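Structure data (TSV, C-alpha atoms) from entry.tsv:
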```tsv
chain	number	residue	atom	x	y	z
A	50	MET	CA	0.00	0.00	0.00
A	51	ARG	CA	1.29	3.39	-0.98
A	52	LEU	CA	0.73	6.56	1.08
A	53	SER	CA	0.11	9.86	-0.62
A	54	ALA	CA	2.53	12.77	-0.15
A	55	VAL	CA	0.17	14.51	2.30
A	56	GLU	CA	-0.25	11.37	4.39
A	57	GLN	CA	3.52	10.87	4.44
A	58	SER	CA	4.06	14.47	5.58
A	59	VAL	CA	1.40	14.20	8.32
A	60	SER	CA	2.83	10.89	9.43
A	61	LYS	CA	6.35	12.35	9.56
A	62	HIS	CA	5.23	15.39	11.61
A	63	SER	CA	3.06	13.30	13.94
A	64	ARG	CA	6.05	11.07	14.68
A	65	ARG	CA	8.20	14.12	15.32
A	66	LEU	CA	5.56	15.48	17.78
A	67	ARG	CA	5.18	11.95	19.22
A	68	LEU	CA	1.54	11.71	18.27
A	69	ASP	CA	1.66	8.00	17.73
A	70	SER	CA	-1.06	7.05	20.15
A	71	ILE	CA	-4.72	8.04	20.04
A	72	ARG	CA	-4.47	9.58	23.51
A	73	SER	CA	-1.64	11.94	22.49
A	74	ARG	CA	-3.49	12.92	19.30
A	75	ILE	CA	-6.67	13.74	21.27
A	76	MET	CA	-4.61	15.84	23.71
A	77	PHE	CA	-2.90	17.64	20.82
A	78	PHE	CA	-6.18	18.48	19.06
A	79	ALA	CA	-7.80	19.50	22.35
A	80	LEU	CA	-4.87	21.87	22.91
A	81	LEU	CA	-5.26	23.27	19.39
A	82	ALA	CA	-9.03	23.59	19.86
A	83	THR	CA	-8.35	25.68	23.00
A	84	LEU	CA	-5.46	27.77	21.72
A	85	ILE	CA	-6.73	28.73	18.26
A	86	PRO	CA	-9.91	30.52	19.46
A	87	SER	CA	-8.06	32.11	22.41
A	88	VAL	CA	-5.24	33.46	20.26
A	89	THR	CA	-7.71	34.62	17.58
A	90	THR	CA	-9.87	36.38	20.18
A	91	ALA	CA	-6.81	38.02	21.75
A	92	TRP	CA	-5.56	39.23	18.37
A	93	LEU	CA	-8.95	40.62	17.34
A	94	SER	CA	-9.31	42.31	20.69
A	95	TYR	CA	-5.83	43.84	20.39
A	96	THR	CA	-6.53	45.25	16.93
A	97	ARG	CA	-9.90	46.72	17.97
A	98	ILE	CA	-8.47	48.30	21.12
A	99	ARG	CA	-5.59	49.72	19.14
A	100	ARG	CA	-7.99	51.24	16.60
A	101	SER	CA	-10.10	52.65	19.42
A	102	ILE	CA	-7.07	54.22	21.13
A	103	ASN	CA	-5.84	55.68	17.84
A	104	LEU	CA	-9.28	57.15	17.20
A	105	LYS	CA	-9.43	58.64	20.70
A	106	VAL	CA	-5.93	60.15	20.39
A	107	THR	CA	-6.85	61.63	17.02
A	108	GLN	CA	-10.00	63.19	18.48
A	109	GLU	CA	-8.04	64.60	21.44
A	110	LEU	CA	-5.45	66.12	19.10
A	111	GLU	CA	-8.16	67.66	16.93
A	112	SER	CA	-9.87	69.08	20.01
A	113	ALA	CA	-6.61	70.52	21.35
A	114	SER	CA	-5.82	71.95	17.94
A	115	GLN	CA	-9.22	73.63	17.70
A	116	GLN	CA	-8.88	75.02	21.22
A	117	GLY	CA	-5.43	76.37	20.42
A	118	SER	CA	-6.75	77.92	17.24
A	119	ARG	CA	-9.56	79.64	19.14
A	120	GLU	CA	-7.10	80.95	21.75
A	121	VAL	CA	-4.75	82.33	19.09
A	122	ASP	CA	-7.72	83.90	17.26
A	123	LEU	CA	-8.91	85.55	20.46
A	124	TRP	CA	-5.40	86.78	21.28
A	125	LEU	CA	-5.03	88.21	17.78
A	126	LYS	CA	-8.40	89.97	17.98
A	127	ASP	CA	-7.32	91.55	21.28
A	128	ARG	CA	-4.06	92.77	19.75
A	129	VAL	CA	-5.86	94.21	16.71
A	130	TYR	CA	-8.31	95.97	19.04
A	131	GLU	CA	-5.43	97.39	21.07
A	132	LEU	CA	-3.73	98.52	17.89
A	133	ARG	CA	-6.88	100.33	16.81
A	134	VAL	CA	-7.25	101.99	20.19
A	135	PHE	CA	-3.59	102.99	20.45
A	136	SER	CA	-3.25	104.21	16.89
A	137	ILE	CA	-3.44	107.95	16.65
A	138	PRO	CA	-7.14	108.87	16.73
A	139	ASN	CA	-8.51	112.27	15.74
A	140	THR	CA	-8.84	113.22	19.40
A	141	VAL	CA	-5.10	113.06	19.84
A	142	THR	CA	-4.14	114.85	16.64
A	143	GLU	CA	-6.67	117.64	17.13
A	144	ASN	CA	-5.67	118.25	20.73
A	145	VAL	CA	-1.94	118.13	19.96
A	146	GLU	CA	-2.58	120.80	17.32
A	147	GLY	CA	-4.62	122.76	19.89
A	148	MET	CA	-1.71	122.65	22.34
A	149	ARG	CA	0.38	124.71	19.92
A	150	GLN	CA	-2.00	127.60	20.44
A	151	THR	CA	-1.49	129.23	23.84
A	152	ARG	CA	-5.14	130.09	24.51
A	153	THR	CA	-6.41	126.50	24.10
A	154	ARG	CA	-3.34	124.74	25.47
A	155	SER	CA	-4.63	123.83	28.96
A	156	ALA	CA	-8.01	122.63	27.66
A	157	ALA	CA	-6.33	120.50	24.97
A	158	GLN	CA	-3.92	119.06	27.53
A	159	ARG	CA	-6.81	118.25	29.87
A	160	ARG	CA	-8.74	116.51	27.03
A	161	LEU	CA	-5.65	114.48	26.08
A	162	SER	CA	-5.07	113.47	29.70
A	163	ASP	CA	-8.73	112.47	30.03
A	164	TYR	CA	-8.52	110.45	26.83
A	165	LEU	CA	-5.36	108.67	28.02
A	166	SER	CA	-6.99	107.98	31.40
A	167	ASN	CA	-10.01	106.42	29.66
A	168	VAL	CA	-7.78	104.26	27.50
A	169	ARG	CA	-5.74	103.30	30.57
A	170	GLU	CA	-8.94	102.18	32.35
A	171	ARG	CA	-9.78	99.89	29.43
A	172	PHE	CA	-6.30	98.37	29.51
A	173	PRO	CA	-5.27	97.88	33.13
A	174	ASP	CA	-2.08	96.07	32.04
A	175	TYR	CA	-0.52	99.45	31.27
A	176	VAL	CA	0.65	101.47	34.25
A	177	GLU	CA	0.84	104.79	32.46
A	178	LEU	CA	0.23	106.14	28.96
A	179	LEU	CA	2.14	109.16	27.62
A	180	ILE	CA	2.14	111.43	24.63
A	181	VAL	CA	5.50	113.07	23.93
A	182	ASP	CA	6.60	115.37	21.14
A	183	PRO	CA	9.55	114.57	18.84
A	184	GLN	CA	11.91	116.42	21.19
A	185	GLY	CA	10.86	114.17	24.08
A	186	ARG	CA	8.77	116.74	25.97
A	187	LEU	CA	5.73	115.41	27.78
A	188	LEU	CA	2.48	116.63	26.25
A	189	ALA	CA	-0.05	114.54	28.19
A	190	THR	CA	-0.13	111.58	30.57
A	191	SER	CA	-2.68	109.26	32.14
A	192	ALA	CA	-0.89	109.55	35.51
A	193	ARG	CA	-2.21	111.85	38.21
A	194	GLN	CA	1.20	113.39	38.83
A	195	ILE	CA	3.37	114.70	36.05
A	196	ARG	CA	6.99	113.60	36.30
A	197	PRO	CA	9.91	113.92	33.93
A	198	VAL	CA	10.18	111.44	31.09
A	199	ARG	CA	13.47	109.63	30.48
A	200	LEU	CA	13.80	108.58	26.88
A	201	PRO	CA	16.62	106.45	25.45
A	202	LEU	CA	19.60	108.10	23.79
A	203	GLY	CA	19.10	108.95	20.14
A	204	TRP	CA	15.32	109.38	20.60
A	205	SER	CA	14.86	112.30	18.24
```
Write out the structure in this file as structure tokens.
Amino acid sequence: MRLSAVEQSVSKHSRRLRLDSIRSRIMFFALLATLIPSVTTAWLSYTRIRRSINLKVTQELESASQQGSREVDLWLKDRVYELRVFSIPNTVTENVEGMRQTRTRSAAQRRLSDYLSNVRERFPDYVELLIVDPQGRLLATSARQIRPVRLPLGWS
């Protein structure tokens, strides 16, 4: 009687694993019947958990990115608002021109100081706001007391 190539291969491997008796073959197949579903379940569980974690990390990163974007947008809007407020409005230019005339000088200086005080109240981060001329002379301040201004060398 001749054995086919598959039967010869199975016979060779079963001898190598010492599966000669029925008892050892039953034990081997029982072990395989236990391990195959367990390993398959563990692998499927691992891949699903990994996908779930990747999805959660991606969502967290997107959320953090959106939050950061909103914060930067808000910061930028604040800086643009400050720039608009601190750019030279008509109030400042008109009153600086009025200070050149001696009869309206004190009223113009008072209006400028009031304007700077109002701006200072809106932006409490700034201790004092000043308007100086090109020669470094103080024209108006938001402070209650006027004190000399020290400008860096080469100011004018």
_Nearest residue to Val181 of chain A from the set A:Lys61, A:Arg199, A:Arg133, A:Arg160 (distances using only C-alpha atoms)_ = A:Arg199
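Atom CA of Pro86 of chain A is positioned 25.5 Å from atom CA of Asn103 of chain A.
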_Local residues around (-2.9, 121.4, 19.0), at most 12 Å away, using only C-alpha atoms, as a PyMOL selection string_ = chain A and resi 139-161+182+188-189
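Pairwise distance (atom CA of Thr89 of chain A, atom CA of Ser70 of chain A) equals 28.5 Å.
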*Residues within 10 Å of Arg193 of chain A, all atoms listed in the file, excluding chain neighbours under 4 positions, as a PyMOL selection string*: chain A and resi 162+166+177
*Which polymer residues have any atom within 9 Å of an atom of segment 183-185 of chain A, counting all atoms listed in the file, with same-chain residues fewer than 6 positions away left out, as a PyMOL selection string?*
chain A and resi 198-200+204-205
*Quick one: residues within 8 Å of Leu178 of chain A, only C-alpha atoms counted, chain neighbours fewer than 5 positions away excluded, as a VMD selection string?*
chain A and resid 165 to 166 169 190 to 192
If the box runs along x, y and z of the file and leaves 4 Å on each side of segment 86-89 of chain A, what are its centre and edge lengths in Å, one decimal, as AutoDock Vina command-line options?
```
--center_x -7.6 --center_y 32.6 --center_z 20.0 --size_x 12.7 --size_y 12.1 --size_z 12.8
```
*asked:* Give me the residues near segment 120-130 of chain A as a ChimeraX atom specification, where near means some atom within 12 Å (using all atoms listed in the file) and where sequence neighbours in that chain fewer than 5 positions away do not count.
replied: /A:113-115,135-136,168,171-172
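Note that the spacing between atom CA of Val134 of chain A and atom CA of Val176 of chain A amounts to 16.1 Å.
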